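The structure appears right after this line, and notes come after that.
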Amino acid sequence: MASSFFDMSPALKRYYRRSALPLAAWVLLVAGRKPLLALADGVAGKMALALLPLLGMAWICWEYVRFLRECDELERRIEQLAMAWSVGMSLLAATAVLLLHDADAVRWSGTQVCGGLLLLQCFAYAVVRWWLHWRYR
Amino acid sequence: MNNRLRELRERQGWSQGELAEQLEVSRQTINALETGKYDPSLPLAFRIAHLFKQPIEKIFLYADPA
């Protein structure tokens with residue numbers, strides 16, 4: 001794995017630079033949505049404000065797709081494999097939770113399940129990506 | 001698949017980074033190619049052949065798995 005910012009490919013450096021602003025926007029939107037929700041009246045207004053952080057996330061996704069277009073073929077292969085593995089693991093976990101809920105074996109809230117799946121997806125992506133970089137080092 | 005990339009690069013006196021820059025790929029990709037951990041796509045193989053002014057089959061050597 002790249003050991004420092006200077007060892008990274010130009011495409012990855014650009015991606016990190018470009019995604020700093022959307023990441024900051026996402027953090028601000030997540031942090032600011034609760035006070036904003038208190039001001040909203042009506043279901044439509046509440047829904048719009050509740051979903052506001054998605055804008056920051058969509059911006060990050062767009063920057064990631066841009067990075068995939070700009071990186072070289074080995075880097076793209078690593079990213080796509082890491083993404084495929086992490087999505088596969090998240091799908092397996094989501095199905096497992098669904099089956100366990102259906103069998104009344106667990107009682108988790110939607111927030112707990114979605115938060116857990118998001119964390120699992122990010123963790124699996126990071127681990128697989130690290131392993132692939134190590135393999136092709 | 002085996003290849004003569006390291007030999008050709010060293011003959012030119014280029015570092016992996018310099019070759020990577022000319023081919024517009026990362027140094028990691030050059031290293032993975034030279035150590036046989038990664039086989040290039042056809043367009044990259046053609047770019048390498050063009051850079052070293054050699055036919056592809058003189059650079060990338062098919063290794064029969066049998």
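Chain labels A, B, ... are given in the sequence in which chains occur in the structure tokens; within each chain residues are numbered consecutively from 1, and ligands are likewise numbered from 1 in the order shown.
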Item to check | Residue list (strand (DSSP E), DSSP) for chain B, as a list in words | outcome: Asn2, Asn3, Phe60 and Leu61 of chain B
Next on the checklist: Show me, as a PyMOL selection string, the residues of chain B whose atoms get within 12 Å of chain A, using only C-alpha atoms for the distance check.
Outcome noted: chain B and resi 17+20-21+23-45
Can I get the selected residues back with N, CA, C and O atoms, as an mmCIF file, in the first residue's frame?
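Below is the file out_0.cif, written as the result:
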data_model
loop_
_atom_site.group_PDB
_atom_site.id
_atom_site.type_symbol
_atom_site.label_atom_id
_atom_site.label_comp_id
_atom_site.auth_asym_id
_atom_site.auth_seq_id
_atom_site.Cartn_x
_atom_site.Cartn_y
_atom_site.Cartn_z
ATOM 1 N N GLY B 17 10.320 4.348 -12.154
ATOM 2 C CA GLY B 17 9.527 5.585 -12.138
ATOM 3 C C GLY B 17 9.551 6.293 -13.485
ATOM 4 O O GLY B 17 8.522 6.814 -13.939
ATOM 5 N N ALA B 20 7.472 4.350 -15.876
ATOM 6 C CA ALA B 20 6.057 4.553 -15.512
ATOM 7 C C ALA B 20 5.555 5.888 -16.061
ATOM 8 O O ALA B 20 4.440 5.966 -16.591
ATOM 9 N N GLU B 21 6.387 6.911 -15.951
ATOM 10 C CA GLU B 21 6.006 8.243 -16.427
ATOM 11 C C GLU B 21 5.782 8.232 -17.949
ATOM 12 O O GLU B 21 4.814 8.806 -18.443
ATOM 13 N N LEU B 23 4.946 5.717 -19.785
ATOM 14 C CA LEU B 23 3.781 4.896 -20.154
ATOM 15 C C LEU B 23 2.492 5.409 -19.515
ATOM 16 O O LEU B 23 1.412 4.840 -19.746
ATOM 17 N N GLU B 24 2.628 6.455 -18.684
ATOM 18 C CA GLU B 24 1.485 7.045 -17.961
ATOM 19 C C GLU B 24 0.767 6.018 -17.095
ATOM 20 O O GLU B 24 -0.464 5.881 -17.130
ATOM 21 N N VAL B 25 1.581 5.244 -16.369
ATOM 22 C CA VAL B 25 1.027 4.310 -15.374
ATOM 23 C C VAL B 25 1.782 4.542 -14.069
ATOM 24 O O VAL B 25 2.739 5.319 -14.033
ATOM 25 N N SER B 26 1.352 3.865 -12.997
ATOM 26 C CA SER B 26 2.035 4.045 -11.711
ATOM 27 C C SER B 26 3.290 3.168 -11.669
ATOM 28 O O SER B 26 3.409 2.182 -12.401
ATOM 29 N N ARG B 27 4.225 3.520 -10.760
ATOM 30 C CA ARG B 27 5.441 2.720 -10.609
ATOM 31 C C ARG B 27 5.080 1.320 -10.116
ATOM 32 O O ARG B 27 5.726 0.342 -10.455
ATOM 33 N N GLN B 28 4.008 1.243 -9.340
ATOM 34 C CA GLN B 28 3.537 -0.051 -8.842
ATOM 35 C C GLN B 28 3.181 -0.974 -10.008
ATOM 36 O O GLN B 28 3.447 -2.171 -9.969
ATOM 37 N N THR B 29 2.576 -0.404 -11.047
ATOM 38 C CA THR B 29 2.195 -1.208 -12.211
ATOM 39 C C THR B 29 3.439 -1.760 -12.903
ATOM 40 O O THR B 29 3.474 -2.939 -13.285
ATOM 41 N N ILE B 30 4.474 -0.918 -13.063
ATOM 42 C CA ILE B 30 5.717 -1.384 -13.695
ATOM 43 C C ILE B 30 6.332 -2.508 -12.876
ATOM 44 O O ILE B 30 6.744 -3.539 -13.415
ATOM 45 N N ASN B 31 6.365 -2.322 -11.559
ATOM 46 C CA ASN B 31 6.939 -3.348 -10.686
ATOM 47 C C ASN B 31 6.139 -4.645 -10.786
ATOM 48 O O ASN B 31 6.723 -5.736 -10.870
ATOM 49 N N ALA B 32 4.814 -4.544 -10.788
ATOM 50 C CA ALA B 32 3.961 -5.740 -10.866
ATOM 51 C C ALA B 32 4.153 -6.456 -12.209
ATOM 52 O O ALA B 32 4.125 -7.680 -12.282
ATOM 53 N N LEU B 33 4.367 -5.665 -13.280
ATOM 54 C CA LEU B 33 4.611 -6.263 -14.599
ATOM 55 C C LEU B 33 5.960 -6.986 -14.605
ATOM 56 O O LEU B 33 6.061 -8.117 -15.076
ATOM 57 N N GLU B 34 6.988 -6.316 -14.087
ATOM 58 C CA GLU B 34 8.336 -6.900 -14.120
ATOM 59 C C GLU B 34 8.450 -8.159 -13.279
ATOM 60 O O GLU B 34 9.203 -9.061 -13.619
ATOM 61 N N THR B 35 7.710 -8.209 -12.177
ATOM 62 C CA THR B 35 7.792 -9.385 -11.306
ATOM 63 C C THR B 35 6.794 -10.474 -11.727
ATOM 64 O O THR B 35 6.700 -11.508 -11.078
ATOM 65 N N GLY B 36 6.053 -10.214 -12.805
ATOM 66 C CA GLY B 36 5.126 -11.218 -13.334
ATOM 67 C C GLY B 36 3.855 -11.373 -12.517
ATOM 68 O O GLY B 36 3.113 -12.344 -12.681
ATOM 69 N N LYS B 37 3.584 -10.398 -11.616
ATOM 70 C CA LYS B 37 2.374 -10.506 -10.794
ATOM 71 C C LYS B 37 1.151 -10.016 -11.550
ATOM 72 O O LYS B 37 0.025 -10.257 -11.140
ATOM 73 N N TYR B 38 1.382 -9.290 -12.612
ATOM 74 C CA TYR B 38 0.266 -8.698 -13.347
ATOM 75 C C TYR B 38 0.564 -8.735 -14.851
ATOM 76 O O TYR B 38 1.675 -8.399 -15.269
ATOM 77 N N ASP B 39 -0.412 -9.176 -15.626
ATOM 78 C CA ASP B 39 -0.280 -9.159 -17.094
ATOM 79 C C ASP B 39 -0.988 -7.927 -17.631
ATOM 80 O O ASP B 39 -2.132 -7.652 -17.253
ATOM 81 N N PRO B 40 -0.334 -7.190 -18.536
ATOM 82 C CA PRO B 40 -0.937 -5.932 -18.998
ATOM 83 C C PRO B 40 -2.108 -6.171 -19.950
ATOM 84 O O PRO B 40 -2.242 -7.244 -20.537
ATOM 85 N N SER B 41 -2.921 -5.147 -20.097
ATOM 86 C CA SER B 41 -3.985 -5.191 -21.107
ATOM 87 C C SER B 41 -3.318 -5.105 -22.477
ATOM 88 O O SER B 41 -2.134 -4.727 -22.582
ATOM 89 N N LEU B 42 -4.079 -5.397 -23.513
ATOM 90 C CA LEU B 42 -3.520 -5.331 -24.864
ATOM 91 C C LEU B 42 -3.066 -3.907 -25.229
ATOM 92 O O LEU B 42 -1.959 -3.729 -25.751
ATOM 93 N N PRO B 43 -3.871 -2.860 -24.923
ATOM 94 C CA PRO B 43 -3.397 -1.502 -25.246
ATOM 95 C C PRO B 43 -2.083 -1.142 -24.537
ATOM 96 O O PRO B 43 -1.202 -0.539 -25.145
ATOM 97 N N LEU B 44 -1.939 -1.551 -23.250
ATOM 98 C CA LEU B 44 -0.692 -1.229 -22.541
ATOM 99 C C LEU B 44 0.474 -2.028 -23.128
ATOM 100 O O LEU B 44 1.584 -1.498 -23.281
ATOM 101 N N ALA B 45 0.229 -3.285 -23.477
ATOM 102 C CA ALA B 45 1.281 -4.099 -24.089
ATOM 103 C C ALA B 45 1.746 -3.466 -25.405
ATOM 104 O O ALA B 45 2.941 -3.415 -25.700
#
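In this model, the gap between atom CA of A:Ala44 and atom CA of A:Gly56 comes to 19.7 Å.
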Next on the checklist: Please extract the residues of chain B with a backbone DSSP assignment of alpha helix (DSSP H) and present them as a ChimeraX atom specification.
Outcome noted: /B:5-12,16-23,27-34,42-52,56-59
Selected residues written out, N, CA, C and O atoms, as a short mmCIF file (atom, residue, chain, number, x, y, z; two decimals), in the first residue's frame:
data_model
loop_
_atom_site.label_atom_id
_atom_site.label_comp_id
_atom_site.auth_asym_id
_atom_site.auth_seq_id
_atom_site.Cartn_x
_atom_site.Cartn_y
_atom_site.Cartn_z
N LEU B 5 10.62 -7.04 -19.68
CA LEU B 5 10.48 -5.61 -19.41
C LEU B 5 11.65 -5.05 -18.59
O LEU B 5 12.21 -4.01 -18.93
N ARG B 6 12.03 -5.78 -17.54
CA ARG B 6 13.13 -5.28 -16.69
C ARG B 6 14.42 -5.17 -17.51
O ARG B 6 15.12 -4.15 -17.43
N GLU B 7 14.67 -6.21 -18.29
CA GLU B 7 15.90 -6.22 -19.11
C GLU B 7 15.91 -5.03 -20.08
O GLU B 7 16.91 -4.31 -20.19
N LEU B 8 14.80 -4.80 -20.76
CA LEU B 8 14.71 -3.70 -21.73
C LEU B 8 14.81 -2.34 -21.04
O LEU B 8 15.46 -1.42 -21.55
N ARG B 9 14.18 -2.23 -19.88
CA ARG B 9 14.23 -0.95 -19.15
C ARG B 9 15.66 -0.66 -18.70
O ARG B 9 16.15 0.47 -18.86
N GLU B 10 16.31 -1.67 -18.15
CA GLU B 10 17.67 -1.47 -17.64
C GLU B 10 18.64 -1.17 -18.78
O GLU B 10 19.58 -0.39 -18.61
N ARG B 11 18.38 -1.75 -19.95
CA ARG B 11 19.23 -1.48 -21.11
C ARG B 11 19.16 0.00 -21.50
O ARG B 11 20.11 0.59 -21.97
N GLN B 12 17.97 0.57 -21.30
CA GLN B 12 17.79 2.00 -21.61
C GLN B 12 18.29 2.91 -20.48
O GLN B 12 18.34 4.12 -20.65
N GLN B 16 12.28 2.51 -12.74
CA GLN B 16 10.86 2.12 -12.87
C GLN B 16 9.96 3.35 -12.94
O GLN B 16 8.99 3.38 -13.69
N GLY B 17 10.32 4.35 -12.15
CA GLY B 17 9.53 5.58 -12.14
C GLY B 17 9.55 6.29 -13.49
O GLY B 17 8.52 6.81 -13.94
N GLU B 18 10.74 6.31 -14.12
CA GLU B 18 10.86 6.98 -15.43
C GLU B 18 10.04 6.24 -16.49
O GLU B 18 9.39 6.86 -17.33
N LEU B 19 10.12 4.91 -16.45
CA LEU B 19 9.33 4.13 -17.41
C LEU B 19 7.83 4.33 -17.16
O LEU B 19 7.05 4.49 -18.11
N ALA B 20 7.47 4.35 -15.88
CA ALA B 20 6.06 4.55 -15.51
C ALA B 20 5.56 5.89 -16.06
O ALA B 20 4.44 5.97 -16.59
N GLU B 21 6.39 6.91 -15.95
CA GLU B 21 6.01 8.24 -16.43
C GLU B 21 5.78 8.23 -17.95
O GLU B 21 4.81 8.81 -18.44
N GLN B 22 6.66 7.54 -18.67
CA GLN B 22 6.53 7.50 -20.13
C GLN B 22 5.30 6.72 -20.58
O GLN B 22 4.72 7.03 -21.62
N LEU B 23 4.95 5.72 -19.78
CA LEU B 23 3.78 4.90 -20.15
C LEU B 23 2.49 5.41 -19.51
O LEU B 23 1.41 4.84 -19.75
N ARG B 27 4.23 3.52 -10.76
CA ARG B 27 5.44 2.72 -10.61
C ARG B 27 5.08 1.32 -10.12
O ARG B 27 5.73 0.34 -10.46
N GLN B 28 4.01 1.24 -9.34
CA GLN B 28 3.54 -0.05 -8.84
C GLN B 28 3.18 -0.97 -10.01
O GLN B 28 3.45 -2.17 -9.97
N THR B 29 2.58 -0.40 -11.05
CA THR B 29 2.20 -1.21 -12.21
C THR B 29 3.44 -1.76 -12.90
O THR B 29 3.47 -2.94 -13.29
N ILE B 30 4.47 -0.92 -13.06
CA ILE B 30 5.72 -1.38 -13.69
C ILE B 30 6.33 -2.51 -12.88
O ILE B 30 6.74 -3.54 -13.42
N ASN B 31 6.37 -2.32 -11.56
CA ASN B 31 6.94 -3.35 -10.69
C ASN B 31 6.14 -4.64 -10.79
O ASN B 31 6.72 -5.74 -10.87
N ALA B 32 4.81 -4.54 -10.79
CA ALA B 32 3.96 -5.74 -10.87
C ALA B 32 4.15 -6.46 -12.21
O ALA B 32 4.12 -7.68 -12.28
N LEU B 33 4.37 -5.66 -13.28
CA LEU B 33 4.61 -6.26 -14.60
C LEU B 33 5.96 -6.99 -14.61
O LEU B 33 6.06 -8.12 -15.08
N GLU B 34 6.99 -6.32 -14.09
CA GLU B 34 8.34 -6.90 -14.12
C GLU B 34 8.45 -8.16 -13.28
O GLU B 34 9.20 -9.06 -13.62
N LEU B 42 -4.08 -5.40 -23.51
CA LEU B 42 -3.52 -5.33 -24.86
C LEU B 42 -3.07 -3.91 -25.23
O LEU B 42 -1.96 -3.73 -25.75
N PRO B 43 -3.87 -2.86 -24.92
CA PRO B 43 -3.40 -1.50 -25.25
C PRO B 43 -2.08 -1.14 -24.54
O PRO B 43 -1.20 -0.54 -25.14
N LEU B 44 -1.94 -1.55 -23.25
CA LEU B 44 -0.69 -1.23 -22.54
C LEU B 44 0.47 -2.03 -23.13
O LEU B 44 1.58 -1.50 -23.28
N ALA B 45 0.23 -3.28 -23.48
CA ALA B 45 1.28 -4.10 -24.09
C ALA B 45 1.75 -3.47 -25.41
O ALA B 45 2.94 -3.42 -25.70
N PHE B 46 0.80 -2.93 -26.18
CA PHE B 46 1.16 -2.26 -27.44
C PHE B 46 1.96 -0.99 -27.16
O PHE B 46 2.90 -0.67 -27.90
N ARG B 47 1.58 -0.25 -26.12
CA ARG B 47 2.31 0.98 -25.78
C ARG B 47 3.75 0.65 -25.39
O ARG B 47 4.69 1.35 -25.77
N ILE B 48 3.91 -0.46 -24.63
CA ILE B 48 5.26 -0.88 -24.21
C ILE B 48 6.08 -1.29 -25.44
O ILE B 48 7.23 -0.88 -25.60
N ALA B 49 5.46 -2.06 -26.32
CA ALA B 49 6.15 -2.51 -27.53
C ALA B 49 6.55 -1.32 -28.40
O ALA B 49 7.66 -1.26 -28.94
N HIS B 50 5.66 -0.34 -28.49
CA HIS B 50 5.94 0.86 -29.29
C HIS B 50 7.10 1.65 -28.68
O HIS B 50 7.99 2.13 -29.39
N LEU B 51 7.10 1.75 -27.35
CA LEU B 51 8.14 2.52 -26.66
C LEU B 51 9.52 1.88 -26.87
O LEU B 51 10.50 2.58 -27.11
N PHE B 52 9.58 0.56 -26.79
CA PHE B 52 10.87 -0.14 -26.93
C PHE B 52 11.16 -0.52 -28.40
O PHE B 52 12.17 -1.16 -28.67
N ILE B 56 5.47 -7.14 -29.93
CA ILE B 56 4.94 -7.58 -28.63
C ILE B 56 5.48 -8.96 -28.23
O ILE B 56 5.87 -9.18 -27.09
N GLU B 57 5.52 -9.87 -29.20
CA GLU B 57 5.92 -11.25 -28.86
C GLU B 57 7.40 -11.37 -28.49
O GLU B 57 7.83 -12.40 -27.96
N LYS B 58 8.16 -10.31 -28.75
CA LYS B 58 9.57 -10.32 -28.34
C LYS B 58 9.72 -9.81 -26.89
O LYS B 58 10.78 -9.93 -26.29
N ILE B 59 8.66 -9.18 -26.40
CA ILE B 59 8.71 -8.64 -25.03
C ILE B 59 7.93 -9.55 -24.07
O ILE B 59 8.40 -9.88 -23.00
#
Next on the checklist: Rounded to one decimal, what separation in Å do you get between atom CA of A:Phe67 and atom CA of A:Val27?
Outcome noted: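 These two atoms are separated by 21.1 Å.
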Item to check | atom CA of A:Gly115 to atom CA of A:Val128, straight-line distance in Å | outcome: 20.0 Å
Checklist entry - Excluding same-chain residues fewer than 6 positions from A:Leu55, what lies within 9 Å of it counting only C-alpha atoms, as a PyMOL selection string? => result chain A and resi 22+25-26+29
Since we have the selection now, will you write its residues out, keeping N, CA, C and O atoms, as a compact mmCIF listing (two decimals), in the first residue's frame?
# COMPACT_ATOMS: atom_id res chain seq x y z
N PRO A 22 -16.05 17.66 -0.69
CA PRO A 22 -17.31 16.92 -0.49
C PRO A 22 -17.37 16.18 0.84
O PRO A 22 -18.45 16.07 1.44
N ALA A 25 -18.24 18.71 3.34
CA ALA A 25 -19.66 19.05 3.16
C ALA A 25 -20.54 17.96 3.78
O ALA A 25 -21.53 18.26 4.45
N TRP A 26 -20.16 16.71 3.57
CA TRP A 26 -20.93 15.59 4.12
C TRP A 26 -20.94 15.63 5.65
O TRP A 26 -22.00 15.48 6.28
N LEU A 29 -23.13 18.44 6.79
CA LEU A 29 -24.55 18.14 6.57
C LEU A 29 -25.07 17.11 7.58
O LEU A 29 -26.20 17.22 8.05
